[in-house]
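This report refers to the structure that appears directly beneath it.
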There are 2 protein chains.
Amino acid sequence: MINELDALRLIGERFSGSRNGVEVGIGDDAAALRTEPGKLLLVTTDCQVEDVHFVKSLISPEDLARKSVAVSVSDIGAMGGVPRYILASLGYTKREDGAFLEGLMRGFESAEEEFGVGLVGGNLSSSERIFLDITVLGFVDPARVVTRKGASPGDVIYVSGTLGDSALGLRILRKDGKGGKGGRLAERHLRPEPRLALGKRLADGKLATAMIDVSDGLALDLKRITVTHGVGARVGVERLPLSDDYRVLAGEYTDDFYGPALSGGEDYELLFTSPPERRGEIEKISDMLNIDITEIGDVSHNAELAITDPGGNEIALKDGGFVHSGS
Amino acid sequence: MINELDALRLIGERFSGSRNGVEVGIGDDAAALRTEPGKLLLVTTDCQVEDVHFVKSLISPEDLARKSVAVSVSDIGAMGGVPRYILASLGYTKREDGAFLEGLMRGFESAEEEFGVGLVGGNLSSSERIFLDITVLGFVDPARVVTRKGASPGDVIYVSGTLGDSALGLRILRKDGKGGKGGRLAERHLRPEPRLALGKRLADGKLATAMIDVSDGLALDLKRITVTHGVGARVGVERLPLSDDYRVLAGEYTDDFYGPALSGGEDYELLFTSPPERRGEIEKISDMLNIDITEIGDVSHNAELAITDPGGNEIALKDGGFVHSGS
């Protein structure tokens with residue numbers, strides 16, 4: 001069991017060094033941050049709850065902490081911003097020990113380095129289930145911020161990377177555990193890669209008219225940048241970018257081949273719209289960052305989502321998306 | 001049971017009006033806030049977990065939401081700052097219904113008005129127990145910020161209001177329920193009043209050398225502004241400010257008369273140190289704001305906490321304080 005005062009001291013020691021922009025860090029009532037003039041402050045929060053978002057036996061504490069940060073900074077990237085500070089509010093049960101906390105700390109340290117953020121505050125509570133609630137503060141140029149609103153009919157719909165790997169990976173993890181042939185898919189579930197560089201590049205070039213990260217599944221998140229704002233989306237299911245592992249293994253683990261890609265969730269790829277005349281610039285960014293960016297459809301006038309099969313027939317979705325986390 | 005999409009829409013409708021400094025509010029990946037040059041950004045997070053920090057049957061959803069904000073903005077006040085924005089990350093179980101969510105929303109709205117903050121973001125998760133994790137962003141003049149570090153030997157130790165009412169009120173609530181003779185004490189537990197105006201006034205006048213809000217009990221929080229930073233504190237137990245209700249009822253509900261005042265927690269009064277020559281100015285602020293401010297002891301060289309009875313004998317504390325929440 002974790003002794004709270006010891007834990008707070010440990011955390012204070014690990015994350016209290018003097019860091020850029022941090023006037024007062026961990027150990028006081030609040031963190032005090034010097035903010036920059038001419039920048040817009042972005043702030044978002046996301047929570048991982050045991051047995052809702054993760055199963056303790058399937059993820060290491062390092063990966064759990066890193067993932068909790070990754071999914072939160074992903075929201076900053078989806079607005080074209082750069083994450084800077086994080087606060088971690090942790091709930092832990094009587095079952096966790098010092099090694100678990102130590103693992104979380106290593107995960108936070110690795111996330112600090114990987115995503116360029118500093119842990120500046122947080123909270124510890126006992127709880128019946130573990131939770132990690134992460135708040136991220138970031139910055140963006142006010143003239144460059146990309147929101148969920150702004151897609152126009154005729155815009156092309158793009159998505160980065162591949163879809164469905166995480167959801168399929170989770171399915172495989174639950175059935176077969178770690179390792180084995182689904183290893184790369186499981187890895188995408190356990191160690192998602194937020195597309196920070198891509199989000200910033202698209203925002204800097206004013207290339208995206210609307211953007212979101214795919215956390216609740218393509219179908220639901222696509223609605224959030226189209227239908228919610230009065231325009232529609234037409235997507236051909238055969239255009240969805242799928243990994244080789246997905247193509248080989250999906251048939252074995254689900255009856256609904258496109259299901260994980262359409263509504264599986266937790267991809268953390270960027271989904272965005274852009275006028276067709278900017279296509280060449282997007283291809284250049286794709287080459288430069290070595291990230292696949294795929295055209296999956298276009299924005300339409302009618303405020304509805306239409307997903308079609310190769311024969312042009314509309315596909316009825318089994319559900320609206322993988323809803324577990326908020327906005 | 002709460003349908004998450006409906007809930008998010010409801011929250012978006014309630015908290016999405018255009019507000020000062022909010023460029024993008026609820027409904028996007030992150031909130032985007034215009035920050036002011038020459039101000040220091042303060043950020044803090046605090047969590048209320050069901051059956052750890054509250055029992056659902058003893059607090060209304062309105063009071064629960066209001067209290068979750070009150071205890072978090074209190075940390076901003078304890079640094080001399082002004083709270084401005086909040087994010088609410090909520091966990092809810094299958095047992096909560098629409099009326100519960102509606103009650104929470106009313107509590108957040110009332111907190112917005114009372115504390116001058118705007119709800120700009122958040123998250124919803126299912127959970128086995130309710131939790132409300134509140135992040136607050138606020139601002140303070142960099143030359144005025146008051147931290148936990150700064151008390152010098154010879155400084156006077158002050159505390160606002162009265163101590164122990166909340167802890168005693170909780171004890172009475174658990175035993176006798178609401179209403180009855182313990183009503184005013186229970187009220188202090190259910191509807192704490194963060195000392196925002198006092199904190200700001202003390203900071204503006206550069207009157208406090210160190211300051212904290214009493215959330216985990218006087219003994220523990222006093223250590224945090226003295227012993228933790230290499231100085232000591234001497235407090236006479238007979239000097240602790242106690243309410244009339246406390247004096248009348250404490251003997252009936254506890255064997256340890258001073259226990260709730262010394263280590264009960266959740267007072268949310270301001271505990272601060274100040275040089276003796278500033279005494280007159282502090283009295284003026286006390287008069288002007290109509291808040292009692294009591295001298296309870298002084299800061300000493302020896303880095304230890306000494307609490308004495310009227311005979312001058314040191315009192316051994318039963319525990320170090322009411323530890324449930326982090327820094």
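Chain labels follow the order of the structure tokens: the first chain is A, the next B, and so on; residue numbering restarts at 1 in every chain, and ligands are counted from 1 in their shown order.
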If you run DSSP over the backbone, which residues in range 172-295 of chain B end up strand (DSSP E or B)? Put them as a compact mmCIF listing (two decimals) with N, CA and C atoms, in the first residue's frame.
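Just written: result_26.txt:
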```txt
# COMPACT_ATOMS: atom_id res chain seq x y z
N ALA B 210 4.50 33.49 4.32
CA ALA B 210 4.18 32.15 3.81
C ALA B 210 2.69 31.93 4.05
N MET B 211 2.05 31.15 3.21
CA MET B 211 0.60 30.96 3.36
C MET B 211 0.19 29.61 2.78
N ILE B 212 -0.88 29.05 3.38
CA ILE B 212 -1.46 27.79 2.91
C ILE B 212 -2.93 27.80 3.32
N ASP B 213 -3.75 27.04 2.63
CA ASP B 213 -5.13 26.87 3.13
C ASP B 213 -5.18 25.58 3.96
N GLY B 232 10.54 26.39 12.66
CA GLY B 232 9.60 25.70 13.53
C GLY B 232 8.37 26.54 13.81
N ALA B 233 7.44 25.95 14.57
CA ALA B 233 6.22 26.67 14.94
C ALA B 233 5.85 26.32 16.38
N ARG B 234 5.50 27.35 17.16
CA ARG B 234 4.99 27.15 18.53
C ARG B 234 3.58 27.69 18.58
N VAL B 235 2.66 26.82 18.99
CA VAL B 235 1.25 27.19 19.01
C VAL B 235 0.66 26.84 20.37
N GLY B 236 -0.07 27.77 20.96
CA GLY B 236 -0.79 27.48 22.20
C GLY B 236 -2.19 27.01 21.86
N LEU B 270 -7.35 30.31 5.92
CA LEU B 270 -5.97 30.64 5.55
C LEU B 270 -5.08 30.64 6.78
N LEU B 271 -3.97 29.96 6.67
CA LEU B 271 -2.96 29.88 7.72
C LEU B 271 -1.72 30.57 7.16
N PHE B 272 -1.24 31.62 7.84
CA PHE B 272 -0.12 32.36 7.26
C PHE B 272 0.77 32.95 8.33
N THR B 273 1.94 33.33 7.91
CA THR B 273 2.92 33.94 8.81
C THR B 273 3.17 35.37 8.36
N SER B 274 3.52 36.23 9.32
CA SER B 274 3.69 37.65 9.01
C SER B 274 4.56 38.28 10.09
N ILE B 293 -9.29 37.15 12.27
CA ILE B 293 -7.94 36.63 12.03
C ILE B 293 -7.27 36.54 13.40
N THR B 294 -6.85 35.33 13.77
CA THR B 294 -6.37 35.08 15.13
C THR B 294 -4.88 34.72 15.15
N GLU B 295 -4.15 35.35 16.07
CA GLU B 295 -2.76 34.96 16.31
C GLU B 295 -2.74 33.68 17.12
```
Gap from CA of Val52 in chain A to CA of Glu128 in chain B - Å, one decimal: 9.1 Å
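Computed from the coordinates, the CA of Ala208 in chain A to CA of Thr135 in chain A distance equals 25.0 Å.
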A:Ile134, A:Ile315, A:Met105, A:Ala88 ranked by distance to Asp46 in chain A, top pick (using only C-alpha atoms):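 Between A:Ile134, A:Ile315, A:Met105, A:Ala88, the residue approaching Asp46 in chain A most closely is A:Ile134.
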Contact residues around range 110-112 of chain A with only C-alpha atoms at 10 Å, ignoring same-chain residues under 2 positions, as JSON, numbers by chain: {"A": [15, 62, 63, 65, 66, 67, 68, 69, 70, 73, 84, 85, 86, 104, 105, 106, 107, 108, 114, 115, 116, 117, 118, 119]}
Residue contacts of Pro241 in chain B (10 Å, only C-alpha atoms) excluding same-chain residues fewer than 5 positions away, as an MDAnalysis selection string: chainID B and resid 159:164 246 261 292:296
Once you have the residues from the selection above, write them out as an mmCIF file, in the first residue's frame, restricted to C-alpha atoms.
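Heads up, here's the output in out27.cif:
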```cif
data_model
loop_
_atom_site.group_PDB
_atom_site.id
_atom_site.type_symbol
_atom_site.label_atom_id
_atom_site.label_comp_id
_atom_site.auth_asym_id
_atom_site.auth_seq_id
_atom_site.Cartn_x
_atom_site.Cartn_y
_atom_site.Cartn_z
ATOM 1 C CA VAL B 159 -5.318 31.717 11.014
ATOM 2 C CA SER B 160 -8.594 33.072 9.640
ATOM 3 C CA GLY B 161 -12.086 32.153 10.868
ATOM 4 C CA THR B 162 -12.509 29.159 13.160
ATOM 5 C CA LEU B 163 -10.946 25.693 13.094
ATOM 6 C CA GLY B 164 -12.444 22.223 13.404
ATOM 7 C CA TYR B 246 -17.782 23.849 18.448
ATOM 8 C CA ALA B 261 -9.410 21.814 15.394
ATOM 9 C CA ASP B 292 -11.695 37.057 12.216
ATOM 10 C CA ILE B 293 -7.945 36.633 12.033
ATOM 11 C CA THR B 294 -6.372 35.082 15.125
ATOM 12 C CA GLU B 295 -2.758 34.962 16.311
ATOM 13 C CA ILE B 296 -2.133 31.363 17.339
#
```
Long-range neighbours of range 140-147 of chain B as a PyMOL selection string, 7 Å cut-off, only C-alpha atoms, 4 positions minimum in chain: (chain A and resi 28) or (chain B and resi 39-41+79-82+203-204+206+208-211)
Separation of CA of Leu242 in chain B from CA of Pro260 in chain B, in Å and rounded to one decimal: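 Computing the Euclidean distance for CA of Leu242 in chain B and CA of Pro260 in chain B yields 10.2 Å.
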Members of range 120-213 of chain B assigned alpha helix (DSSP H) by DSSP, as a VMD selection string: chain B and resid 165 to 176 183 to 190 196 to 204
Expected file contents, prior selection, C-alpha atoms, as an mmCIF file, in the first residue's frame:
```cif
data_model
loop_
_atom_site.group_PDB
_atom_site.id
_atom_site.type_symbol
_atom_site.label_atom_id
_atom_site.label_comp_id
_atom_site.auth_asym_id
_atom_site.auth_seq_id
_atom_site.Cartn_x
_atom_site.Cartn_y
_atom_site.Cartn_z
ATOM 1 C CA ASP B 165 -16.052 23.083 12.519
ATOM 2 C CA SER B 166 -15.968 21.080 9.301
ATOM 3 C CA ALA B 167 -14.473 17.943 10.877
ATOM 4 C CA LEU B 168 -16.838 18.120 13.834
ATOM 5 C CA GLY B 169 -19.727 18.829 11.461
ATOM 6 C CA LEU B 170 -18.885 15.710 9.451
ATOM 7 C CA ARG B 171 -18.830 13.640 12.640
ATOM 8 C CA ILE B 172 -22.267 14.967 13.575
ATOM 9 C CA LEU B 173 -23.610 14.438 10.031
ATOM 10 C CA ARG B 174 -22.485 10.806 10.098
ATOM 11 C CA LYS B 175 -24.050 10.200 13.494
ATOM 12 C CA ASP B 176 -27.222 12.286 13.420
ATOM 13 C CA GLY B 183 -26.559 22.153 11.576
ATOM 14 C CA ARG B 184 -24.184 25.102 11.410
ATOM 15 C CA LEU B 185 -21.150 22.838 11.784
ATOM 16 C CA ALA B 186 -22.461 20.441 9.136
ATOM 17 C CA GLU B 187 -22.992 23.432 6.853
ATOM 18 C CA ARG B 188 -19.324 24.346 7.184
ATOM 19 C CA HIS B 189 -18.443 20.818 6.058
ATOM 20 C CA LEU B 190 -20.870 20.795 3.130
ATOM 21 C CA LEU B 196 -10.309 34.330 -1.821
ATOM 22 C CA ALA B 197 -10.687 38.003 -0.934
ATOM 23 C CA LEU B 198 -8.517 37.643 2.159
ATOM 24 C CA GLY B 199 -5.792 35.768 0.297
ATOM 25 C CA LYS B 200 -5.642 38.399 -2.415
ATOM 26 C CA ARG B 201 -5.619 41.259 0.084
ATOM 27 C CA LEU B 202 -2.768 39.714 2.084
ATOM 28 C CA ALA B 203 -0.790 39.147 -1.117
ATOM 29 C CA ASP B 204 -1.473 42.627 -2.491
#
```
A:Tyr158, A:Tyr268, A:Tyr258, A:Phe131 ranked by distance to chain B, top pick (using only C-alpha atoms): A:Phe131
